[in-house]
Amino acid sequence: MSREIVNVQVGQAGNQVGEAFWRMLLAEHGLDDAGMYTGNDPIQIARAGVYFTQVDSDGPSKYVPRSVQVDLESGVCNRLRSGPLGQLFRPDTYFTADSGAGNNWAKGYYTEGAELIDGILDIIRRQTEATEALQGFQIIHSLGGGTGAGLGSLLLSKLREEYPDRMLSTFSILPAPNVSETVVEPYNSLLSIHQLVDNCDLTICIDNEALYDIAVRTLKIKSPAYKDLNQLISKVMCGVSTSLRFPGQLNGDLRKLGMNLIPFPRLHFLMPSFAPFYDPKARTFQRLSVSELTSSLFDRRNLLVASDPRFGRYLTAACIFRGKVSSHEAEARYIIMNSVAQLQRKNSNLFVEWIPDNVSVSLCSVPPVGQPQAAIALANSTCMQELFKRNLDQFALMFKRRAFLHWYTGEGMDVMEFTEAESNTQDLISEYQQYQEATVEEEEEGEVEVENEQ
């Protein structure tokens with residue numbers, strides 16, 4: 001029996017990334033663009049139920065994505081409907097409006113979004129009622145715009161209310177450090193982070209600048225389009241759910257990931273990385289051992305988010321290896337564990353010492369399409385505070401002069417919400433800093449003092 005995940009893609013970025021994700025998922029499960037099975041390996045289809053509903057009509061079985069496509073303007077969804085994947089999604093899982101959120105978080109969260117949220121929840125309810133053992137939800141959205149950020153945040157809080165015991169994970173595209181797409185990005189993203197801290201179990205952070213660097217420097221694409229960047233995101237997205245979708249030797253699922261990666265409930269912002277990334281022309285010269293894959297995962301150049309792990313410490317990490325590592329299961333397990341332990345020994349200063357075995361490992365024998373081996377890592381590092389600091393500084397500069405604020409208050413927002421979002425993010429940064437500086441000795445001294453007082 002599959003433990004199902006419902007995918008919800010919100011806004012322009014969410015739907016474009018979602019399209020790339022579903023394309024890759026179809027290829028991995030041996031399905032064509034209409035959801036018909038064309039593969040020849042029974043493993044491909046054994047657990048396709050995680051993301052697909054099997055529909056048996058008169059002819060062969062059709063696999064329909066368990067997905068909801070939401071946007072406050074209809075352009076991107078119309079393109080999906082009329083594109084190559086037009087026959088794939090159920091027609092009643094699209095939900096669009098005509099007004100658009102105009103890069104305004106308040107429109108997505110309060111006015112336009114609030115009017116439409118019940119209709120969206122009805123579609124999600126229909127999808128969940130058809131499941132047998134719902135594992136949780138994954139939401140794809142960006143934090144810089146209006147729909148993905150505002151409506152995405154509203155949707156998260158409603159899902160948390162309605163399904164309190166299910167996992168909520170998000171793939172959130174954060175504003176890039178040097179490339180800003182809209183002027184009010186700092187407002188939108190900080191208001192979204194304020195919601196994500198409280199209403200989400202796992203937030204996998206991605207930003208366009210890191211993706212752009214990988215595309216230009218490593219993949220040697222001269223001028224990458226969004227299609228190329230979305231391809232990179234979908235590799236990580238497929239990797240995260242690998243051990244749910246294929247029988248693995250060391251298993252993992254969303255709940256296990258959360259259990260092993262989140263030591264403190266508010267610190268659930270994860271850095272994804274993928275290996276190997278290489279220039280397609282240099283493909284024939286690549287030979288990757290498990291230890292090389294492991295060290296690549298913890299290399300800054302393979303991160304999908306622009307932060308530097310050398311300026312923080314890893315609280316926890318999860319590595320997911322795909323492909324044939326060794327012919328014997330026990331030997332494969334030993335090889336992987338050994339390479340991870342070696343990496344930790346070499347870089348012991350980058351891992352906190354008060355969580356002894358803080359890297360969890362899962363292994364799946366099915367590699368990604370077109371690659372013999374690959375690995376994905378999700379890391380919970382204190383260097384994530386860089387992202388929030390950067391955002392907070394930009395936010396503070398604009399908020400100090402109350403710039404652009406009338407657009408938000410005009411939609412019924414209170415200025416207090418901005419102040420709350422600011423202080424919540426400041427608290428988050430100081431929590432990261434606190435755990436970065438914490439040592440085992442400090443705690444022991446603290447315990448001795450307590451005993452003496454008693």
# chains A, B, ... in the order shown; residues from 1 in each chain; ligands from 1
$ select_by_dssp --residues "segment 168-343 of chain A" --states "strand (DSSP E)" --output "number ranges by chain"
A: 168-174, 202-207, 248-250, 269-275, 314-323
$ write_last_selection --atoms "N, CA, C and O atoms" --output "compact mmCIF listing (two decimals), in the first residue's frame"
# COMPACT_ATOMS: atom_id res chain seq x y z
N LEU A 168 3.34 18.46 6.51
CA LEU A 168 3.23 19.56 5.54
C LEU A 168 4.65 19.94 5.13
O LEU A 168 5.42 20.43 5.95
N SER A 169 5.00 19.67 3.88
CA SER A 169 6.33 20.08 3.43
C SER A 169 6.18 21.08 2.30
O SER A 169 5.22 21.02 1.53
N THR A 170 7.12 22.03 2.20
CA THR A 170 7.05 23.00 1.11
C THR A 170 8.39 23.06 0.39
O THR A 170 9.43 22.86 0.99
N PHE A 171 8.31 23.29 -0.90
CA PHE A 171 9.49 23.64 -1.69
C PHE A 171 9.34 25.12 -1.98
O PHE A 171 8.51 25.52 -2.78
N SER A 172 10.11 25.92 -1.26
CA SER A 172 9.91 27.37 -1.29
C SER A 172 11.06 28.04 -2.02
O SER A 172 12.22 27.87 -1.64
N ILE A 173 10.73 28.81 -3.06
CA ILE A 173 11.76 29.52 -3.81
C ILE A 173 11.94 30.90 -3.18
O ILE A 173 11.04 31.74 -3.21
N LEU A 174 13.10 31.10 -2.57
CA LEU A 174 13.37 32.34 -1.85
C LEU A 174 13.94 33.40 -2.79
O LEU A 174 14.51 33.05 -3.82
N LEU A 202 8.35 20.84 7.19
CA LEU A 202 9.63 20.84 6.46
C LEU A 202 9.58 21.92 5.40
O LEU A 202 8.65 21.94 4.60
N THR A 203 10.55 22.81 5.37
CA THR A 203 10.61 23.81 4.30
C THR A 203 11.93 23.62 3.57
O THR A 203 13.00 23.81 4.17
N ILE A 204 11.87 23.22 2.33
CA ILE A 204 13.09 23.01 1.54
C ILE A 204 13.33 24.29 0.75
O ILE A 204 12.51 24.67 -0.09
N CYS A 205 14.41 24.99 1.07
CA CYS A 205 14.65 26.33 0.52
C CYS A 205 15.48 26.25 -0.76
O CYS A 205 16.49 25.54 -0.80
N ILE A 206 15.06 27.02 -1.75
CA ILE A 206 15.74 27.02 -3.05
C ILE A 206 15.85 28.48 -3.48
O ILE A 206 14.94 29.25 -3.19
N ASP A 207 16.95 28.87 -4.13
CA ASP A 207 16.89 30.20 -4.71
C ASP A 207 17.51 30.25 -6.11
O ASP A 207 18.38 29.46 -6.45
N GLY A 248 13.21 0.39 -1.26
CA GLY A 248 14.61 0.74 -0.98
C GLY A 248 15.22 -0.20 0.03
O GLY A 248 14.54 -0.94 0.73
N GLN A 249 16.56 -0.14 0.10
CA GLN A 249 17.24 -0.99 1.07
C GLN A 249 17.28 -0.31 2.44
O GLN A 249 17.22 -0.95 3.46
N LEU A 250 17.46 1.00 2.43
CA LEU A 250 17.37 1.77 3.68
C LEU A 250 16.25 2.76 3.44
O LEU A 250 16.38 3.67 2.66
N PHE A 269 14.04 24.67 8.35
CA PHE A 269 14.39 25.18 7.02
C PHE A 269 15.62 24.42 6.52
O PHE A 269 16.67 24.46 7.15
N LEU A 270 15.47 23.70 5.40
CA LEU A 270 16.52 22.78 4.96
C LEU A 270 17.19 23.25 3.68
O LEU A 270 16.56 23.84 2.81
N MET A 271 18.50 22.96 3.58
CA MET A 271 19.26 23.27 2.36
C MET A 271 19.35 22.00 1.53
O MET A 271 19.88 21.00 2.01
N PRO A 272 18.87 22.02 0.30
CA PRO A 272 18.99 20.83 -0.55
C PRO A 272 20.28 20.86 -1.37
O PRO A 272 20.76 21.94 -1.75
N SER A 273 20.85 19.70 -1.63
CA SER A 273 21.97 19.63 -2.58
C SER A 273 21.82 18.35 -3.39
O SER A 273 21.14 17.40 -2.98
N PHE A 274 22.47 18.34 -4.55
CA PHE A 274 22.35 17.20 -5.47
C PHE A 274 23.74 16.92 -6.04
O PHE A 274 24.54 17.82 -6.24
N ALA A 275 24.03 15.66 -6.26
CA ALA A 275 25.29 15.30 -6.94
C ALA A 275 25.01 14.06 -7.79
O ALA A 275 24.19 13.22 -7.41
N TYR A 314 26.39 22.12 10.91
CA TYR A 314 25.28 21.22 10.59
C TYR A 314 24.67 20.69 11.89
O TYR A 314 25.36 20.08 12.70
N LEU A 315 23.37 20.92 12.05
CA LEU A 315 22.66 20.30 13.17
C LEU A 315 22.38 18.85 12.79
O LEU A 315 22.68 17.92 13.54
N THR A 316 21.78 18.68 11.60
CA THR A 316 21.48 17.33 11.10
C THR A 316 21.56 17.35 9.58
O THR A 316 21.57 18.41 8.96
N ALA A 317 21.60 16.16 8.99
CA ALA A 317 21.54 16.06 7.52
C ALA A 317 20.97 14.69 7.17
O ALA A 317 21.07 13.74 7.95
N ALA A 318 20.36 14.60 5.99
CA ALA A 318 19.85 13.31 5.49
C ALA A 318 20.39 13.13 4.09
O ALA A 318 20.25 14.03 3.25
N CYS A 319 21.03 12.00 3.82
CA CYS A 319 21.56 11.72 2.48
C CYS A 319 20.75 10.58 1.87
O CYS A 319 20.49 9.57 2.53
N ILE A 320 20.35 10.78 0.63
CA ILE A 320 19.58 9.76 -0.08
C ILE A 320 20.40 9.36 -1.30
O ILE A 320 20.63 10.17 -2.20
N PHE A 321 20.87 8.12 -1.32
CA PHE A 321 21.69 7.64 -2.44
C PHE A 321 20.81 6.84 -3.38
O PHE A 321 19.99 6.03 -2.95
N ARG A 322 21.02 7.06 -4.69
CA ARG A 322 20.23 6.36 -5.69
C ARG A 322 21.15 5.65 -6.67
O ARG A 322 22.15 6.19 -7.11
N GLY A 323 20.77 4.42 -7.03
CA GLY A 323 21.57 3.67 -8.00
C GLY A 323 22.27 2.51 -7.32
O GLY A 323 22.13 2.29 -6.12
$ closest_residue --among "A:Gln127, A:Ser74, A:Ser57, A:Ser153" --to "Gly113 of chain A" --atoms "only C-alpha atoms"
A:Ser153
$ closest_residue --among "A:Ser307, A:Ser430, A:Thr419, A:Thr242" --to "Leu25 of chain A" --atoms "only C-alpha atoms"
A:Thr242
$ closest_residue --among "A:Met259, A:Gln54, A:Gln434, A:Phe246" --to "Asp41 of chain A" --atoms "only C-alpha atoms"
A:Phe246
$ atom_distance --atom1 "atom CA of Ala130 of chain A" --atom2 "atom CA of Ser243 of chain A"
22.3 Å
$ residues_around --residues "Arg402 of chain A" --least-positions-apart "5" --cutoff "12 Å" --atoms "only C-alpha atoms" --output "list in words"
Val184, Tyr187, Phe395, Ala396, Leu397, Trp407, Tyr408, Thr409, Val415, Phe418 and Thr419 of chain A
$ select_by_dssp --residues "segment 139-364 of chain A" --states "helix (DSSP H, G or I)" --output "PyMOL selection string"
chain A and resi 147-162+185-199+208-218+226-240+242-245+254-261+280-285+290-297+300-302+309-311+329-346+348-350
$ closest_residue --among "A:Cys383, A:Leu303, A:Ser291, A:Phe351" --to "Ile335 of chain A" --atoms "only C-alpha atoms"
A:Ser291
$ residues_around --residues "segment 98-100 of chain A" --least-positions-apart "5" --cutoff "8 Å" --atoms "only C-alpha atoms" --output "ChimeraX atom specification"
/A:71-74,112,147
$ write_last_selection --atoms "all heavy atoms" --output "mmCIF file, in the first residue's frame"
data_model
loop_
_atom_site.group_PDB
_atom_site.id
_atom_site.type_symbol
_atom_site.label_atom_id
_atom_site.label_comp_id
_atom_site.auth_asym_id
_atom_site.auth_seq_id
_atom_site.Cartn_x
_atom_site.Cartn_y
_atom_site.Cartn_z
ATOM 1 N N ASP A 71 -3.747 29.252 -9.217
ATOM 2 C CA ASP A 71 -3.136 30.539 -9.548
ATOM 3 C C ASP A 71 -4.225 31.608 -9.590
ATOM 4 O O ASP A 71 -5.371 31.320 -9.942
ATOM 5 C CB ASP A 71 -2.414 30.478 -10.904
ATOM 6 C CG ASP A 71 -1.359 31.572 -11.041
ATOM 7 O OD1 ASP A 71 -1.254 32.411 -10.122
ATOM 8 O OD2 ASP A 71 -0.648 31.601 -12.061
ATOM 9 N N LEU A 72 -3.868 32.834 -9.204
ATOM 10 C CA LEU A 72 -4.851 33.918 -9.211
ATOM 11 C C LEU A 72 -4.966 34.587 -10.582
ATOM 12 O O LEU A 72 -5.735 35.512 -10.767
ATOM 13 C CB LEU A 72 -4.515 34.961 -8.138
ATOM 14 C CG LEU A 72 -4.743 34.497 -6.687
ATOM 15 C CD1 LEU A 72 -4.398 35.594 -5.709
ATOM 16 C CD2 LEU A 72 -6.177 34.038 -6.457
ATOM 17 N N GLU A 73 -4.138 34.168 -11.531
ATOM 18 C CA GLU A 73 -4.373 34.557 -12.933
ATOM 19 C C GLU A 73 -4.252 33.293 -13.769
ATOM 20 O O GLU A 73 -3.535 32.365 -13.396
ATOM 21 C CB GLU A 73 -3.411 35.654 -13.380
ATOM 22 C CG GLU A 73 -1.968 35.379 -13.090
ATOM 23 C CD GLU A 73 -1.091 36.609 -13.284
ATOM 24 O OE1 GLU A 73 -1.612 37.725 -13.321
ATOM 25 O OE2 GLU A 73 0.123 36.419 -13.400
ATOM 26 N N SER A 74 -4.930 33.251 -14.884
ATOM 27 C CA SER A 74 -5.093 31.954 -15.554
ATOM 28 C C SER A 74 -4.010 31.623 -16.577
ATOM 29 O O SER A 74 -3.967 30.514 -17.082
ATOM 30 C CB SER A 74 -6.468 31.907 -16.226
ATOM 31 O OG SER A 74 -6.644 33.071 -16.997
ATOM 32 N N GLU A 112 -8.155 38.733 -2.306
ATOM 33 C CA GLU A 112 -8.448 37.808 -3.420
ATOM 34 C C GLU A 112 -8.376 36.345 -2.960
ATOM 35 O O GLU A 112 -9.258 35.537 -3.229
ATOM 36 C CB GLU A 112 -7.447 38.009 -4.570
ATOM 37 C CG GLU A 112 -7.272 39.444 -5.032
ATOM 38 C CD GLU A 112 -8.497 39.972 -5.752
ATOM 39 O OE1 GLU A 112 -9.362 39.173 -6.096
ATOM 40 O OE2 GLU A 112 -8.573 41.200 -5.952
ATOM 41 N N THR A 147 0.802 35.555 -5.241
ATOM 42 C CA THR A 147 -0.019 34.338 -5.124
ATOM 43 C C THR A 147 0.731 33.249 -4.355
ATOM 44 O O THR A 147 0.226 32.719 -3.364
ATOM 45 C CB THR A 147 -0.402 33.814 -6.526
ATOM 46 O OG1 THR A 147 -0.986 34.875 -7.274
ATOM 47 C CG2 THR A 147 -1.390 32.682 -6.419
#
$ closest_residue --among "A:Tyr226, A:Phe264, A:Phe277, A:Tyr212" --to "Leu428 of chain A" --atoms "only C-alpha atoms"
A:Phe264
$ closest_residue --among "A:Pro42, A:Gly35, A:Gly370, A:Pro84" --to "Ser61 of chain A" --atoms "only C-alpha atoms"
A:Gly35
$ residues_around --residues "Asp427 of chain A" --least-positions-apart "4" --cutoff "12 Å" --atoms "only C-alpha atoms" --output "number ranges by chain"
A: 194, 197, 266-267, 385, 388-389, 392, 420-423, 431-434
$ write_last_selection --atoms "all heavy atoms" --output "short mmCIF file (atom, residue, chain, number, x, y, z; two decimals), in the first residue's frame"
data_model
loop_
_atom_site.label_atom_id
_atom_site.label_comp_id
_atom_site.auth_asym_id
_atom_site.auth_seq_id
_atom_site.Cartn_x
_atom_site.Cartn_y
_atom_site.Cartn_z
N HIS A 194 7.32 34.26 8.24
CA HIS A 194 6.59 34.38 9.50
C HIS A 194 5.53 33.28 9.61
O HIS A 194 5.32 32.69 10.67
CB HIS A 194 5.96 35.78 9.54
CG HIS A 194 5.11 36.06 10.73
ND1 HIS A 194 5.51 35.78 12.01
CD2 HIS A 194 3.87 36.62 10.84
CE1 HIS A 194 4.55 36.13 12.86
NE2 HIS A 194 3.54 36.65 12.17
N VAL A 197 7.26 29.47 9.63
CA VAL A 197 7.85 29.07 10.91
C VAL A 197 6.83 28.30 11.74
O VAL A 197 7.16 27.31 12.38
CB VAL A 197 8.37 30.32 11.69
CG1 VAL A 197 8.72 29.96 13.12
CG2 VAL A 197 9.58 30.90 11.00
N ARG A 266 10.94 24.94 15.35
CA ARG A 266 10.99 26.15 14.51
C ARG A 266 12.10 26.09 13.48
O ARG A 266 12.04 26.74 12.44
CB ARG A 266 11.18 27.38 15.40
CG ARG A 266 9.90 27.83 16.08
CD ARG A 266 10.20 28.80 17.21
NE ARG A 266 10.87 30.02 16.76
CZ ARG A 266 10.24 31.11 16.33
NH1 ARG A 266 8.92 31.13 16.28
NH2 ARG A 266 10.91 32.18 15.95
N LEU A 267 13.12 25.29 13.74
CA LEU A 267 14.27 25.24 12.82
C LEU A 267 14.07 24.12 11.79
O LEU A 267 14.74 23.09 11.83
CB LEU A 267 15.58 25.02 13.59
CG LEU A 267 15.85 25.96 14.77
CD1 LEU A 267 17.26 25.76 15.30
CD2 LEU A 267 15.66 27.42 14.39
N GLN A 385 20.71 31.04 8.70
CA GLN A 385 20.43 32.38 9.23
C GLN A 385 20.91 33.48 8.28
O GLN A 385 20.36 34.58 8.27
CB GLN A 385 21.03 32.56 10.62
CG GLN A 385 22.54 32.41 10.66
CD GLN A 385 23.09 32.65 12.06
OE1 GLN A 385 22.85 33.69 12.64
NE2 GLN A 385 23.82 31.69 12.59
N PHE A 388 18.01 34.56 6.15
CA PHE A 388 17.01 35.35 6.87
C PHE A 388 17.56 36.73 7.21
O PHE A 388 16.84 37.72 7.17
CB PHE A 388 16.54 34.60 8.12
CG PHE A 388 15.97 33.24 7.82
CD1 PHE A 388 16.41 32.10 8.49
CD2 PHE A 388 15.02 33.08 6.84
CE1 PHE A 388 15.90 30.85 8.18
CE2 PHE A 388 14.50 31.83 6.52
CZ PHE A 388 14.94 30.72 7.20
N LYS A 389 18.85 36.79 7.55
CA LYS A 389 19.47 38.09 7.86
C LYS A 389 19.41 39.00 6.65
O LYS A 389 19.07 40.18 6.75
CB LYS A 389 20.94 37.88 8.26
CG LYS A 389 21.16 37.69 9.75
CD LYS A 389 22.65 37.61 10.02
CE LYS A 389 22.90 37.12 11.44
NZ LYS A 389 24.23 36.53 11.58
N LEU A 392 15.97 40.16 6.11
CA LEU A 392 15.56 41.05 7.19
C LEU A 392 16.16 42.44 7.00
O LEU A 392 15.49 43.46 7.21
CB LEU A 392 16.00 40.46 8.53
CG LEU A 392 15.48 41.12 9.79
CD1 LEU A 392 13.96 41.06 9.84
CD2 LEU A 392 16.05 40.45 11.03
N GLU A 420 5.42 42.14 13.75
CA GLU A 420 5.47 40.76 14.27
C GLU A 420 6.36 39.88 13.41
O GLU A 420 7.16 39.09 13.92
CB GLU A 420 4.05 40.17 14.30
CG GLU A 420 3.24 40.58 15.50
CD GLU A 420 1.77 40.15 15.35
OE1 GLU A 420 1.50 39.18 14.62
OE2 GLU A 420 0.91 40.81 15.96
N ALA A 421 6.20 40.01 12.08
CA ALA A 421 7.01 39.20 11.16
C ALA A 421 8.49 39.50 11.35
O ALA A 421 9.34 38.60 11.37
CB ALA A 421 6.60 39.47 9.71
N GLU A 422 8.79 40.79 11.56
CA GLU A 422 10.19 41.21 11.75
C GLU A 422 10.75 40.59 13.03
O GLU A 422 11.84 40.01 13.04
CB GLU A 422 10.24 42.74 11.82
CG GLU A 422 11.65 43.30 11.80
CD GLU A 422 11.64 44.83 11.75
OE1 GLU A 422 10.61 45.46 12.08
OE2 GLU A 422 12.68 45.39 11.39
N SER A 423 9.99 40.69 14.13
CA SER A 423 10.53 40.18 15.41
C SER A 423 10.59 38.65 15.41
O SER A 423 11.51 38.06 15.99
CB SER A 423 9.70 40.70 16.59
OG SER A 423 8.41 40.19 16.53
N GLU A 431 17.89 32.09 17.47
CA GLU A 431 17.85 30.65 17.82
C GLU A 431 18.94 29.89 17.06
O GLU A 431 19.63 29.05 17.63
CB GLU A 431 16.48 30.06 17.47
CG GLU A 431 15.43 30.33 18.53
CD GLU A 431 14.04 29.90 18.07
OE1 GLU A 431 13.87 28.71 17.76
OE2 GLU A 431 13.14 30.76 18.00
N TYR A 432 19.07 30.18 15.75
CA TYR A 432 20.12 29.53 14.96
C TYR A 432 21.49 29.83 15.57
O TYR A 432 22.33 28.95 15.71
CB TYR A 432 20.08 30.02 13.50
CG TYR A 432 19.16 29.23 12.61
CD1 TYR A 432 18.04 29.82 12.02
CD2 TYR A 432 19.43 27.89 12.32
CE1 TYR A 432 17.19 29.08 11.19
CE2 TYR A 432 18.59 27.16 11.49
CZ TYR A 432 17.48 27.76 10.93
OH TYR A 432 16.65 27.02 10.11
N GLN A 433 21.71 31.09 15.93
CA GLN A 433 23.01 31.51 16.47
C GLN A 433 23.28 30.80 17.80
O GLN A 433 24.39 30.35 18.07
CB GLN A 433 23.01 33.03 16.65
CG GLN A 433 24.38 33.63 16.95
CD GLN A 433 25.41 33.31 15.86
OE1 GLN A 433 25.08 33.21 14.68
NE2 GLN A 433 26.64 33.13 16.26
N GLN A 434 22.25 30.69 18.61
CA GLN A 434 22.38 30.04 19.93
C GLN A 434 22.84 28.60 19.78
O GLN A 434 23.76 28.15 20.47
CB GLN A 434 21.01 30.10 20.63
CG GLN A 434 20.92 29.33 21.92
CD GLN A 434 19.46 29.05 22.30
OE1 GLN A 434 18.56 29.74 21.84
NE2 GLN A 434 19.24 28.04 23.12
#
$ decode --residues "segment 296-307 of chain A" --atoms "C-alpha atoms" --output "JSON list (two decimals), in the first residue's frame"
[["chain", "number", "residue", "atom", "x", "y", "z"],
["A", 296, "SER", "CA", 30.01, 16.66, -3.37],
["A", 297, "LEU", "CA", 26.75, 16.73, -1.41],
["A", 298, "PHE", "CA", 28.35, 18.85, 1.30],
["A", 299, "ASP", "CA", 30.13, 21.12, -1.18],
["A", 300, "ARG", "CA", 28.81, 24.66, -1.43],
["A", 301, "ARG", "CA", 28.80, 24.54, -5.26],
["A", 302, "ASN", "CA", 26.19, 21.76, -5.23],
["A", 303, "LEU", "CA", 23.74, 23.59, -2.96],
["A", 304, "LEU", "CA", 20.48, 24.84, -4.43],
["A", 305, "VAL", "CA", 20.40, 27.78, -2.05],
["A", 306, "ALA", "CA", 22.88, 30.67, -1.76],
["A", 307, "SER", "CA", 24.35, 30.17, 1.70]]
